[in-house]
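Asks: My structure file model-v6.cif, mmCIF, C-alpha atoms, is below:
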data_protein
#
loop_
_atom_site.group_PDB
_atom_site.id
_atom_site.type_symbol
_atom_site.label_atom_id
_atom_site.label_comp_id
_atom_site.auth_asym_id
_atom_site.auth_seq_id
_atom_site.Cartn_x
_atom_site.Cartn_y
_atom_site.Cartn_z
ATOM 1 C CA VAL A 1070 12.558 20.247 33.696
ATOM 2 C CA LYS A 1071 12.468 21.960 30.325
ATOM 3 C CA CYS A 1072 11.186 25.528 30.178
ATOM 4 C CA HIS A 1073 8.287 24.656 27.857
ATOM 5 C CA GLU A 1074 7.070 22.058 30.360
ATOM 6 C CA LEU A 1075 6.418 24.854 32.846
ATOM 7 C CA LEU A 1076 4.288 26.866 30.418
ATOM 8 C CA PRO A 1077 0.500 26.499 30.237
ATOM 9 C CA LYS A 1078 -0.501 23.799 27.772
ATOM 10 C CA MET A 1079 -2.112 25.135 24.609
ATOM 11 C CA THR A 1080 -3.329 23.799 21.315
ATOM 12 C CA ASN A 1081 -0.488 23.653 18.821
ATOM 13 C CA LYS A 1082 -2.184 25.646 16.092
ATOM 14 C CA LEU A 1083 -0.913 27.299 12.934
ATOM 15 C CA ILE A 1084 -0.382 31.002 13.595
ATOM 16 C CA LEU A 1085 1.598 32.110 10.527
ATOM 17 C CA ASN A 1086 2.321 31.010 6.977
ATOM 18 C CA TYR A 1087 4.986 33.449 5.795
ATOM 19 C CA LEU A 1088 5.130 33.800 2.012
ATOM 20 C CA GLY A 1089 3.669 30.327 1.677
ATOM 21 C CA ASP A 1090 7.095 28.947 2.622
ATOM 22 C CA ALA A 1091 7.787 29.282 6.363
ATOM 23 C CA VAL A 1092 5.088 27.820 8.626
ATOM 24 C CA ILE A 1093 5.018 28.803 12.296
ATOM 25 C CA TYR A 1094 2.954 27.115 15.009
ATOM 26 C CA SER A 1095 2.143 28.243 18.539
ATOM 27 C CA SER A 1096 4.721 25.769 19.877
ATOM 28 C CA ASP A 1097 7.416 27.588 17.895
ATOM 29 C CA LEU A 1098 6.486 30.819 19.632
ATOM 30 C CA GLN A 1099 6.712 29.037 22.966
ATOM 31 C CA ILE A 1100 10.297 28.081 22.127
ATOM 32 C CA LEU A 1101 11.137 31.767 21.690
ATOM 33 C CA ASP A 1102 9.384 32.650 24.939
ATOM 34 C CA CYS A 1103 11.603 30.176 26.829
ATOM 35 C CA PRO A 1104 15.135 31.596 27.290
ATOM 36 C CA THR A 1105 16.712 28.118 27.485
ATOM 37 C CA GLU A 1106 15.015 26.385 24.529
ATOM 38 C CA TRP A 1107 16.896 25.441 21.337
ATOM 39 C CA LEU A 1108 15.711 26.956 18.091
ATOM 40 C CA ASN A 1109 14.218 24.363 15.755
ATOM 41 C CA SER A 1110 14.619 24.208 11.979
ATOM 42 C CA ASP A 1111 11.283 26.006 11.402
ATOM 43 C CA LEU A 1112 12.467 29.064 13.339
ATOM 44 C CA ILE A 1113 15.872 29.013 11.648
ATOM 45 C CA HIS A 1114 14.153 28.909 8.263
ATOM 46 C CA PHE A 1115 11.600 31.603 9.146
ATOM 47 C CA HIS A 1116 14.165 34.168 10.231
ATOM 48 C CA SER A 1117 16.485 33.310 7.354
ATOM 49 C CA LEU A 1118 13.609 33.885 4.937
ATOM 50 C CA ARG A 1119 12.865 37.200 6.623
ATOM 51 C CA LEU A 1120 16.487 38.267 6.141
ATOM 52 C CA GLN A 1121 16.365 37.100 2.530
ATOM 53 C CA ASN A 1122 13.318 39.251 1.769
ATOM 54 C CA GLU A 1123 13.735 42.077 4.296
ATOM 55 C CA PRO A 1124 17.495 42.613 4.810
ATOM 56 C CA HIS A 1125 16.834 45.997 6.443
ATOM 57 C CA LEU A 1126 15.501 44.102 9.488
ATOM 58 C CA VAL A 1127 19.107 43.645 10.636
ATOM 59 C CA ILE A 1128 19.832 46.179 13.379
ATOM 60 C CA GLY A 1129 21.819 49.118 11.984
ATOM 61 C CA SER A 1130 21.578 47.872 8.400
ATOM 62 C CA ASP A 1131 21.357 50.127 5.374
ATOM 63 C CA THR A 1132 18.084 49.589 3.502
ATOM 64 C CA LYS A 1133 19.977 49.119 0.242
ATOM 65 C CA SER A 1134 20.283 45.609 -1.112
ATOM 66 C CA GLY A 1135 23.555 43.957 -2.050
ATOM 67 C CA LYS A 1136 22.031 43.288 -5.460
ATOM 68 C CA ASP A 1137 22.338 46.940 -6.467
ATOM 69 C CA ASN A 1138 25.779 47.164 -7.997
ATOM 70 C CA ALA A 1139 27.025 50.709 -7.418
ATOM 71 C CA THR A 1140 29.653 53.113 -8.657
ATOM 72 C CA ASP A 1141 30.812 55.927 -6.395
ATOM 73 C CA SER A 1142 31.787 59.468 -7.390
ATOM 74 C CA SER A 1143 35.368 58.393 -8.076
ATOM 75 C CA GLY A 1144 34.144 55.876 -10.626
ATOM 76 C CA GLU A 1145 35.087 52.917 -8.425
ATOM 77 C CA HIS A 1146 32.855 49.877 -8.825
ATOM 78 C CA HIS A 1147 31.709 48.103 -5.691
ATOM 79 C CA PRO A 1148 31.070 44.365 -5.749
ATOM 80 C CA ASN A 1149 27.687 43.014 -6.667
ATOM 81 C CA ILE A 1150 26.781 40.697 -3.775
ATOM 82 C CA ASP A 1151 23.675 38.576 -4.134
ATOM 83 C CA CYS A 1152 22.813 36.814 -0.862
ATOM 84 C CA LEU A 1153 20.872 33.577 -0.595
ATOM 85 C CA PHE A 1154 19.662 31.790 2.543
ATOM 86 C CA LEU A 1155 19.062 28.051 2.272
ATOM 87 C CA ASP A 1156 16.311 26.203 4.133
ATOM 88 C CA PRO A 1157 17.581 23.567 6.622
ATOM 89 C CA THR A 1158 15.279 21.030 4.940
ATOM 90 C CA VAL A 1159 17.040 21.679 1.616
ATOM 91 C CA ILE A 1160 20.369 20.813 3.247
ATOM 92 C CA SER A 1161 18.908 17.625 4.710
ATOM 93 C CA PHE A 1162 17.625 16.702 1.247
ATOM 94 C CA LEU A 1163 21.004 17.529 -0.272
ATOM 95 C CA MET A 1164 22.877 15.360 2.210
ATOM 96 C CA HIS A 1165 20.568 12.379 2.522
ATOM 97 C CA GLN A 1166 18.379 12.141 -0.581
ATOM 98 C CA LEU A 1167 19.912 13.929 -3.573
ATOM 99 C CA ASP A 1168 21.039 11.735 -6.444
ATOM 100 C CA GLU A 1169 23.967 13.666 -7.929
ATOM 101 C CA SER A 1170 23.738 11.642 -11.130
ATOM 102 C CA ASP A 1171 20.222 12.986 -11.738
ATOM 103 C CA GLU A 1172 21.011 15.993 -13.915
ATOM 104 C CA ASP A 1173 17.451 17.320 -13.816
ATOM 105 C CA GLU A 1174 17.395 17.260 -10.015
ATOM 106 C CA VAL A 1175 20.758 19.002 -9.736
ATOM 107 C CA SER A 1176 19.799 21.540 -12.390
ATOM 108 C CA SER A 1177 16.587 22.408 -10.555
ATOM 109 C CA LEU A 1178 18.633 23.202 -7.445
ATOM 110 C CA THR A 1179 21.153 25.463 -9.181
ATOM 111 C CA LEU A 1180 18.324 27.164 -11.066
ATOM 112 C CA ALA A 1181 16.497 27.896 -7.809
ATOM 113 C CA TRP A 1182 19.724 29.247 -6.313
ATOM 114 C CA LYS A 1183 20.139 31.664 -9.256
ATOM 115 C CA LEU A 1184 23.862 31.104 -9.622
ATOM 116 C CA PRO A 1185 25.706 33.501 -11.951
ATOM 117 C CA PRO A 1186 25.757 32.115 -15.514
ATOM 118 C CA PRO A 1187 28.716 29.913 -16.508
ATOM 119 C CA ASN A 1188 29.784 31.832 -19.590
ATOM 120 C CA ASN A 1189 32.216 34.473 -20.821
ATOM 121 C CA ASP A 1190 29.734 37.027 -22.127
ATOM 122 C CA ALA A 1191 30.740 39.801 -19.737
ATOM 123 C CA LYS A 1192 29.752 43.279 -20.793
ATOM 124 C CA GLN A 1193 32.528 45.719 -21.595
ATOM 125 C CA GLN A 1194 33.885 47.125 -18.303
ATOM 126 C CA GLN A 1195 36.285 49.977 -17.760
ATOM 127 C CA GLN A 1196 37.917 48.058 -14.943
ATOM 128 C CA GLN A 1197 37.839 44.768 -13.124
ATOM 129 C CA GLN A 1198 34.612 43.953 -11.256
ATOM 130 C CA HIS A 1199 33.675 41.285 -8.754
ATOM 131 C CA GLU A 1200 30.364 39.482 -8.658
ATOM 132 C CA ILE A 1201 29.717 37.494 -5.495
ATOM 133 C CA LYS A 1202 26.988 34.967 -4.838
ATOM 134 C CA ARG A 1203 26.948 34.560 -1.040
ATOM 135 C CA ILE A 1204 25.068 31.522 0.234
ATOM 136 C CA PHE A 1205 24.180 31.184 3.919
ATOM 137 C CA VAL A 1206 23.834 27.530 4.937
ATOM 138 C CA PRO A 1207 22.561 26.430 8.372
ATOM 139 C CA ILE A 1208 24.591 23.418 9.515
ATOM 140 C CA ASN A 1209 23.280 20.757 11.877
ATOM 141 C CA ASP A 1210 25.665 18.262 13.455
ATOM 142 C CA GLN A 1211 23.764 15.328 11.950
ATOM 143 C CA HIS A 1212 24.408 16.538 8.406
ATOM 144 C CA LYS A 1213 27.601 14.476 8.529
ATOM 145 C CA SER A 1214 25.577 11.303 9.150
ATOM 146 C CA SER A 1215 25.089 8.735 6.440
ATOM 147 C CA HIS A 1216 21.692 8.276 4.845
ATOM 148 C CA MET A 1217 21.132 5.140 6.943
ATOM 149 C CA ALA A 1218 22.072 6.903 10.181
ATOM 150 C CA TYR A 1219 19.935 9.964 9.543
ATOM 151 C CA THR A 1220 16.985 10.337 11.929
ATOM 152 C CA PRO A 1221 14.854 13.391 11.084
ATOM 153 C CA GLY A 1222 13.132 15.173 13.939
ATOM 154 C CA GLN A 1223 12.181 18.513 15.408
ATOM 155 C CA TYR A 1224 15.809 19.661 15.523
ATOM 156 C CA ALA A 1225 16.744 18.051 12.190
ATOM 157 C CA GLY A 1226 17.912 15.032 14.182
ATOM 158 C CA GLY A 1227 20.886 16.827 15.749
ATOM 159 C CA THR A 1228 21.872 18.914 18.738
ATOM 160 C CA HIS A 1229 23.919 21.847 17.435
ATOM 161 C CA TRP A 1230 23.577 24.613 14.823
ATOM 162 C CA SER A 1231 26.368 26.513 13.107
ATOM 163 C CA LEU A 1232 26.761 28.567 9.923
ATOM 164 C CA LEU A 1233 28.509 27.773 6.658
ATOM 165 C CA VAL A 1234 28.973 30.667 4.223
ATOM 166 C CA ILE A 1235 29.799 29.943 0.592
ATOM 167 C CA ASP A 1236 31.172 32.688 -1.641
ATOM 168 C CA ILE A 1237 31.082 32.159 -5.402
ATOM 169 C CA ILE A 1238 33.304 34.940 -6.760
ATOM 170 C CA ILE A 1239 33.412 35.760 -10.466
ATOM 171 C CA THR A 1240 35.759 38.458 -11.737
ATOM 172 C CA SER A 1241 34.763 40.327 -14.900
ATOM 173 C CA THR A 1242 37.161 42.272 -17.091
ATOM 174 C CA SER A 1243 36.655 44.083 -20.373
ATOM 175 C CA GLU A 1244 37.240 40.823 -22.216
ATOM 176 C CA HIS A 1245 35.930 37.912 -20.200
ATOM 177 C CA LYS A 1246 34.762 36.411 -16.937
ATOM 178 C CA THR A 1247 37.209 34.221 -15.059
ATOM 179 C CA LYS A 1248 36.213 30.813 -13.802
ATOM 180 C CA PRO A 1249 34.515 31.165 -10.419
ATOM 181 C CA GLU A 1250 36.444 30.971 -7.179
ATOM 182 C CA ILE A 1251 34.538 29.106 -4.456
ATOM 183 C CA LEU A 1252 35.326 29.862 -0.815
ATOM 184 C CA PHE A 1253 33.844 28.153 2.252
ATOM 185 C CA TYR A 1254 33.718 29.723 5.735
ATOM 186 C CA SER A 1255 32.552 27.997 8.919
ATOM 187 C CA PHE A 1256 31.240 30.008 11.892
ATOM 188 C CA ASP A 1257 30.575 27.947 15.005
ATOM 189 C CA SER A 1258 29.716 29.209 18.500
ATOM 190 C CA HIS A 1259 31.182 25.930 19.809
ATOM 191 C CA ARG A 1260 34.233 26.065 17.591
ATOM 192 C CA GLY A 1261 35.170 22.761 16.050
ATOM 193 C CA TYR A 1262 31.997 20.940 17.092
ATOM 194 C CA ASN A 1263 30.358 21.098 13.669
ATOM 195 C CA ILE A 1264 33.434 21.274 11.471
ATOM 196 C CA SER A 1265 33.065 17.717 10.124
ATOM 197 C CA ALA A 1266 29.405 18.400 9.272
ATOM 198 C CA ALA A 1267 30.366 21.719 7.652
ATOM 199 C CA LYS A 1268 33.012 19.974 5.532
ATOM 200 C CA ALA A 1269 30.545 17.269 4.494
ATOM 201 C CA VAL A 1270 27.990 19.865 3.381
ATOM 202 C CA ALA A 1271 30.700 21.962 1.676
ATOM 203 C CA ASN A 1272 31.834 18.990 -0.388
ATOM 204 C CA LYS A 1273 28.280 18.146 -1.395
ATOM 205 C CA MET A 1274 27.556 21.783 -2.293
ATOM 206 C CA TYR A 1275 30.760 21.956 -4.333
ATOM 207 C CA SER A 1276 29.763 18.857 -6.275
ATOM 208 C CA VAL A 1277 26.429 20.454 -7.150
ATOM 209 C CA ILE A 1278 27.952 23.843 -8.000
ATOM 210 C CA GLN A 1279 30.647 22.109 -10.061
ATOM 211 C CA GLN A 1280 27.974 20.724 -12.388
ATOM 212 C CA HIS A 1281 26.876 24.317 -13.052
ATOM 213 C CA TYR A 1282 30.420 25.546 -13.694
ATOM 214 C CA THR A 1283 32.101 22.834 -15.720
ATOM 215 C CA SER A 1284 35.416 24.750 -15.624
ATOM 216 C CA LEU A 1285 35.733 24.028 -11.898
ATOM 217 C CA GLN A 1286 38.134 21.306 -10.843
ATOM 218 C CA ARG A 1287 39.157 20.011 -7.438
ATOM 219 C CA ASP A 1288 42.816 20.344 -8.489
ATOM 220 C CA GLY A 1289 43.575 16.846 -7.279
ATOM 221 C CA LEU A 1290 42.042 17.435 -3.847
ATOM 222 C CA SER A 1291 39.567 14.888 -2.520
ATOM 223 C CA THR A 1292 37.876 17.495 -0.318
ATOM 224 C CA VAL A 1293 37.378 21.244 -0.480
ATOM 225 C CA ASN A 1294 38.966 23.606 2.026
ATOM 226 C CA VAL A 1295 36.663 25.015 4.710
ATOM 227 C CA ILE A 1296 38.042 28.019 6.610
ATOM 228 C CA ASP A 1297 37.274 27.568 10.325
ATOM 229 C CA CYS A 1298 36.749 31.204 11.317
ATOM 230 C CA GLU A 1299 36.986 32.765 14.743
ATOM 231 C CA ALA A 1300 33.543 33.614 16.079
ATOM 232 C CA LEU A 1301 31.906 34.557 19.362
ATOM 233 C CA GLN A 1302 31.543 31.488 21.600
ATOM 234 C CA GLN A 1303 28.380 30.620 23.507
ATOM 235 C CA ASN A 1304 28.600 30.033 27.246
ATOM 236 C CA ASN A 1305 25.553 27.754 27.504
ATOM 237 C CA ASP A 1306 24.114 24.706 25.739
ATOM 238 C CA TYR A 1307 20.994 26.233 24.162
ATOM 239 C CA ASP A 1308 21.783 29.416 22.195
ATOM 240 C CA CYS A 1309 23.581 27.886 19.190
ATOM 241 C CA GLY A 1310 20.659 28.640 16.843
ATOM 242 C CA LEU A 1311 20.611 32.284 17.880
ATOM 243 C CA TYR A 1312 24.380 32.572 17.419
ATOM 244 C CA THR A 1313 24.001 31.016 13.963
ATOM 245 C CA LEU A 1314 21.369 33.598 13.002
ATOM 246 C CA GLY A 1315 23.406 36.377 14.612
ATOM 247 C CA PHE A 1316 26.476 35.460 12.568
ATOM 248 C CA ALA A 1317 24.280 35.520 9.457
ATOM 249 C CA GLU A 1318 22.847 38.935 10.333
ATOM 250 C CA ALA A 1319 26.307 40.425 10.903
ATOM 251 C CA LEU A 1320 27.632 39.096 7.596
ATOM 252 C CA LEU A 1321 24.479 40.142 5.732
ATOM 253 C CA ARG A 1322 24.912 43.679 7.032
ATOM 254 C CA HIS A 1323 28.560 43.584 5.951
ATOM 255 C CA SER A 1324 27.405 42.488 2.482
ATOM 256 C CA ASN A 1325 24.831 45.281 2.251
ATOM 257 C CA GLU A 1326 27.372 47.901 3.314
ATOM 258 C CA SER A 1327 29.642 46.983 0.407
ATOM 259 C CA VAL A 1328 27.172 48.738 -1.905
ATOM 260 C CA ASN A 1329 28.055 52.179 -0.561
ATOM 261 C CA GLY A 1330 31.780 51.476 -0.469
ATOM 262 C CA SER A 1331 32.139 50.826 3.268
ATOM 263 C CA ASN A 1332 34.031 47.636 2.424
ATOM 264 C CA ASN A 1333 34.964 45.480 -0.554
ATOM 265 C CA GLY A 1334 32.512 42.768 0.409
ATOM 266 C CA LEU A 1335 35.153 40.055 0.800
ATOM 267 C CA LEU A 1336 35.363 38.001 4.002
ATOM 268 C CA ASP A 1337 38.928 38.321 5.156
ATOM 269 C CA GLU A 1338 39.848 38.051 8.840
ATOM 270 C CA LYS A 1339 39.751 41.791 9.465
ATOM 271 C CA ALA A 1340 36.385 42.215 7.743
ATOM 272 C CA ILE A 1341 34.831 39.363 9.730
ATOM 273 C CA GLU A 1342 36.091 40.722 13.049
ATOM 274 C CA SER A 1343 34.825 44.212 12.197
ATOM 275 C CA ALA A 1344 31.418 42.898 11.091
ATOM 276 C CA PHE A 1345 30.910 40.873 14.268
ATOM 277 C CA THR A 1346 32.143 43.612 16.612
ATOM 278 C CA SER A 1347 29.893 46.252 15.062
ATOM 279 C CA TYR A 1348 26.880 43.949 15.069
ATOM 280 C CA MET A 1349 27.331 42.804 18.675
ATOM 281 C CA ASN A 1350 27.647 46.400 19.866
ATOM 282 C CA ASP A 1351 24.391 47.331 18.141
ATOM 283 C CA MET A 1352 22.662 44.258 19.580
ATOM 284 C CA GLY A 1353 23.384 45.203 23.186
ATOM 285 C CA GLY A 1354 26.787 43.565 23.586
ATOM 286 C CA LYS A 1355 28.003 39.981 23.595
ATOM 287 C CA VAL A 1356 26.210 39.139 26.843
ATOM 288 C CA ASN A 1357 22.769 40.330 25.730
ATOM 289 C CA PHE A 1358 22.680 39.833 21.969
ATOM 290 C CA ALA A 1359 21.208 36.292 22.004
ATOM 291 C CA SER A 1360 18.328 37.164 24.339
ATOM 292 C CA ASN A 1361 17.687 40.378 22.397
ATOM 293 C CA LEU A 1362 17.611 38.494 19.097
ATOM 294 C CA ARG A 1363 15.302 35.840 20.573
ATOM 295 C CA ARG A 1364 12.924 38.580 21.690
ATOM 296 C CA ARG A 1365 13.103 40.394 18.338
ATOM 297 C CA ILE A 1366 12.254 37.251 16.368
ATOM 298 C CA GLY A 1367 9.339 36.569 18.692
ATOM 299 C CA ASP A 1368 8.014 40.118 18.319
ATOM 300 C CA ASP A 1369 8.366 39.855 14.544
ATOM 301 C CA ILE A 1370 6.359 36.622 14.474
ATOM 302 C CA ARG A 1371 3.621 38.097 16.669
ATOM 303 C CA LYS A 1372 3.300 41.116 14.396
ATOM 304 C CA LEU A 1373 3.162 39.034 11.215
ATOM 305 C CA ALA A 1374 0.866 36.448 12.838
ATOM 306 C CA LEU A 1375 -1.642 39.170 13.715
ATOM 307 C CA GLU A 1376 -1.596 40.435 10.142
ATOM 308 C CA TYR A 1377 -1.915 36.873 8.846
ATOM 309 C CA GLN A 1378 -4.912 36.090 11.062
ATOM 310 C CA GLN A 1379 -6.607 39.352 10.126
ATOM 311 C CA SER A 1380 -6.157 38.619 6.422
ATOM 312 C CA LYS A 1381 -7.867 35.221 6.629
#
Using structure tokens, write down the structure from this file.
Replies:
Amino acid sequence: VKCHELLPKMTNKLILNYLGDAVIYSSDLQILDCPTEWLNSDLIHFHSLRLQNEPHLVIGSDTKSGKDNATDSSGEHHPNIDCLFLDPTVISFLMHQLDESDEDEVSSLTLAWKLPPPNNDAKQQQQQQHEIKRIFVPINDQHKSSHMAYTPGQYAGGTHWSLLVIDIIITSTSEHKTKPEILFYSFDSHRGYNISAAKAVANKMYSVIQQHYTSLQRDGLSTVNVIDCEALQQNNDYDCGLYTLGFAEALLRHSNESVNGSNNGLLDEKAIESAFTSYMNDMGGKVNFASNLRRRIGDDIRKLALEYQQSK
């Protein structure tokens, strides 16, 4: 018997419309109130949008944004990291509906994502600088399905969530900007389960990004390289969505901290391990972080829902 089947039946009414983008119903709140329920795409999108607009919500995070490129007292420039969270429905559209030959459709996507411009008009810099566009992509195991096999539903038609992070790195010197370097990182709480879906999405994303940066080439490779990173593993079959959001929170905090020089913003093995360890400690440890995050998202929705209802 599923947890929600034991709860009192209630009308599934709209309780929150966050920024006119993320819609939450009473049934979504019930999912959060049940410790063994999977997060659906609406909850993934809601919390991602909250992190996009309120990055200080991450436990222990500096209130500064990664968009504020900084220079410390020694004159050292820290990387400008602009973070973007994509809606699960956008990924479903990308994988199952997008016509890559439609230049207007592709252009509208890259415009919405606010990718760094593909030109060499860098301002004069005293030293080399890095500009990073970091894109957080929720991956569902059915994203690898063909268009004909795709069956949309409450959980985007699949059974497992993981996180794909895409770094678009552009180096500026006093004379020019280099062509962007694109890196793909997969974080999966059931390591390996979603890797084929992550690779499928990475290849599709690269094809779209490549149309923005015409200097990019696959260098003879038929597929892009996705780094399968070590990440905390779940010990149940229902917390994958919370692990996905937790990975995103940890890496967002790491990105924000680069502004004050705590790190260089890049996602090497040591940086990832440090980001996850610090985050898990602040979230009550590896055993409790998922339940604590579930509770925090629920409390956040209740607070915003009250304000939303009062404003109507």
Asks: Counting only C-alpha atoms, which residues sit no farther than 9 Å from the position (41.5, 27.1, 1.1) in the file's frame? I'd like them as a ChimeraX atom specification.
Replies: /A:1252-1253,1293-1296
Asks: What does the PyMOL selection byres ((chain A and resi 1279) around 12) select in this file, as a list in words?
Replies: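 That selection, the PyMOL selection byres ((chain A and resi 1279) around 12), comes back as Glu1169, Val1175, Ser1176, Thr1179, Leu1184, Pro1187, Ile1237, Lys1248, Pro1249, Glu1250, Ile1251, Ala1271, Asn1272, Lys1273, Met1274, Tyr1275, Ser1276, Val1277, Ile1278, Gln1280, His1281, Tyr1282, Thr1283, Ser1284, Leu1285, Gln1286, Arg1287 and Val1293 of chain A.
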Asks: Within 12 Å of (5.7, 33.5, 21.4) (file coordinates; all atoms listed in the file), which protein or nucleic acid residues are there? I'd like them as a ChimeraX atom specification.
Replies: /A:1073,1076,1079,1081,1084-1085,1093-1104,1112,1363-1374
Asks: Rounded to one decimal in Å, what is the spacing between atom CA of Trp1107 of chain A and atom CA of Glu1318 of chain A?
Replies: 18.4 Å
Asks: Identify which of the residues A:Leu1311, A:His1199, A:Lys1355, A:Asn1109 lies closest to Gly1227 of chain A, counting all atoms listed in the file when measuring atom-to-atom distances.
Replies: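 Under the stated criterion, the closest residue is A:Asn1109.
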Asks: Of the candidates A:Lys1268, A:Arg1322, A:Arg1260, A:Arg1203, which shows the shortest atom-to-atom distance to Ile1239 of chain A, using all atoms listed in the file?
Replies: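 Going through A:Lys1268, A:Arg1322, A:Arg1260, A:Arg1203 one by one, the smallest distance to Ile1239 of chain A is for A:Arg1203.
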Asks: Please, what distance in Å, to one decimal, runs between atom CA of Thr1240 of chain A and atom CA of Leu1335 of chain A?
Replies: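 Calculated distance between atom CA of Thr1240 of chain A and atom CA of Leu1335 of chain A is 12.7 Å.
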Asks: Starting from the shown file, work through the PyMOL selection byres ((chain A and resi 1121) around 12) and note down what comes out as a ChimeraX atom specification.
Replies: /A:1088,1114-1120,1122-1127,1134-1136,1151-1156,1203-1205,1317-1318,1321-1322,1325
Asks: Store the residues picked out above in a file with C-alpha atoms, as a short mmCIF file (atom, residue, chain, number, x, y, z; two decimals), in the frame of the given file.
Replies:
data_model
loop_
_atom_site.label_atom_id
_atom_site.label_comp_id
_atom_site.auth_asym_id
_atom_site.auth_seq_id
_atom_site.Cartn_x
_atom_site.Cartn_y
_atom_site.Cartn_z
CA LEU A 1088 5.13 33.80 2.01
CA HIS A 1114 14.15 28.91 8.26
CA PHE A 1115 11.60 31.60 9.15
CA HIS A 1116 14.16 34.17 10.23
CA SER A 1117 16.48 33.31 7.35
CA LEU A 1118 13.61 33.88 4.94
CA ARG A 1119 12.86 37.20 6.62
CA LEU A 1120 16.49 38.27 6.14
CA ASN A 1122 13.32 39.25 1.77
CA GLU A 1123 13.74 42.08 4.30
CA PRO A 1124 17.50 42.61 4.81
CA HIS A 1125 16.83 46.00 6.44
CA LEU A 1126 15.50 44.10 9.49
CA VAL A 1127 19.11 43.64 10.64
CA SER A 1134 20.28 45.61 -1.11
CA GLY A 1135 23.56 43.96 -2.05
CA LYS A 1136 22.03 43.29 -5.46
CA ASP A 1151 23.68 38.58 -4.13
CA CYS A 1152 22.81 36.81 -0.86
CA LEU A 1153 20.87 33.58 -0.60
CA PHE A 1154 19.66 31.79 2.54
CA LEU A 1155 19.06 28.05 2.27
CA ASP A 1156 16.31 26.20 4.13
CA ARG A 1203 26.95 34.56 -1.04
CA ILE A 1204 25.07 31.52 0.23
CA PHE A 1205 24.18 31.18 3.92
CA ALA A 1317 24.28 35.52 9.46
CA GLU A 1318 22.85 38.94 10.33
CA LEU A 1321 24.48 40.14 5.73
CA ARG A 1322 24.91 43.68 7.03
CA ASN A 1325 24.83 45.28 2.25
#
Asks: For the atom pair atom CA of Met1349 of chain A and atom CA of Glu1106 of chain A, what is the interatomic distance in Å to one decimal place?
Replies: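 Value for the atom CA of Met1349 of chain A-atom CA of Glu1106 of chain A distance: 21.3 Å.
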Asks: Can you translate the PyMOL selection byres ((chain A and resi 1315) around 10) into the concrete residues it hits in this file, as a PyMOL selection string?
Replies: chain A and resi 1127+1232+1301+1309-1314+1316-1321+1345+1348-1349+1352+1358-1359+1362
Asks: Closest to Ile1150 of chain A among A:Ile1113, A:Leu1375, A:Ala1344, A:Ile1238, using only C-alpha atoms?
Replies: A:Ile1238
Asks: Using all atoms listed in the file for the distances, tell me which of A:Ala1269, A:Ser1258, A:Val1092, A:Asn1263 is nearest to Ala1300 of chain A.
Replies: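 Among A:Ala1269, A:Ser1258, A:Val1092, A:Asn1263, it is A:Ser1258 that comes nearest to Ala1300 of chain A.
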Asks: As JSON, what would the box around segment 1274-1286 of chain A look like: edges along x, y and z, 3 Å added on every side, centre and edge lengths in Å to one decimal?
Replies:
{"center_x": 32.3, "center_y": 22.2, "center_z": -9.0, "size_x": 17.7, "size_y": 12.7, "size_z": 19.4}
Asks: Looking at only C-alpha atoms, which of A:Asn1333, A:Ser1110, A:Thr1228, A:Asn1086 is the one that sits closest to Glu1200 of chain A?
Replies: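 Ranked by minimum distance to Glu1200 of chain A, first place goes to A:Asn1333.
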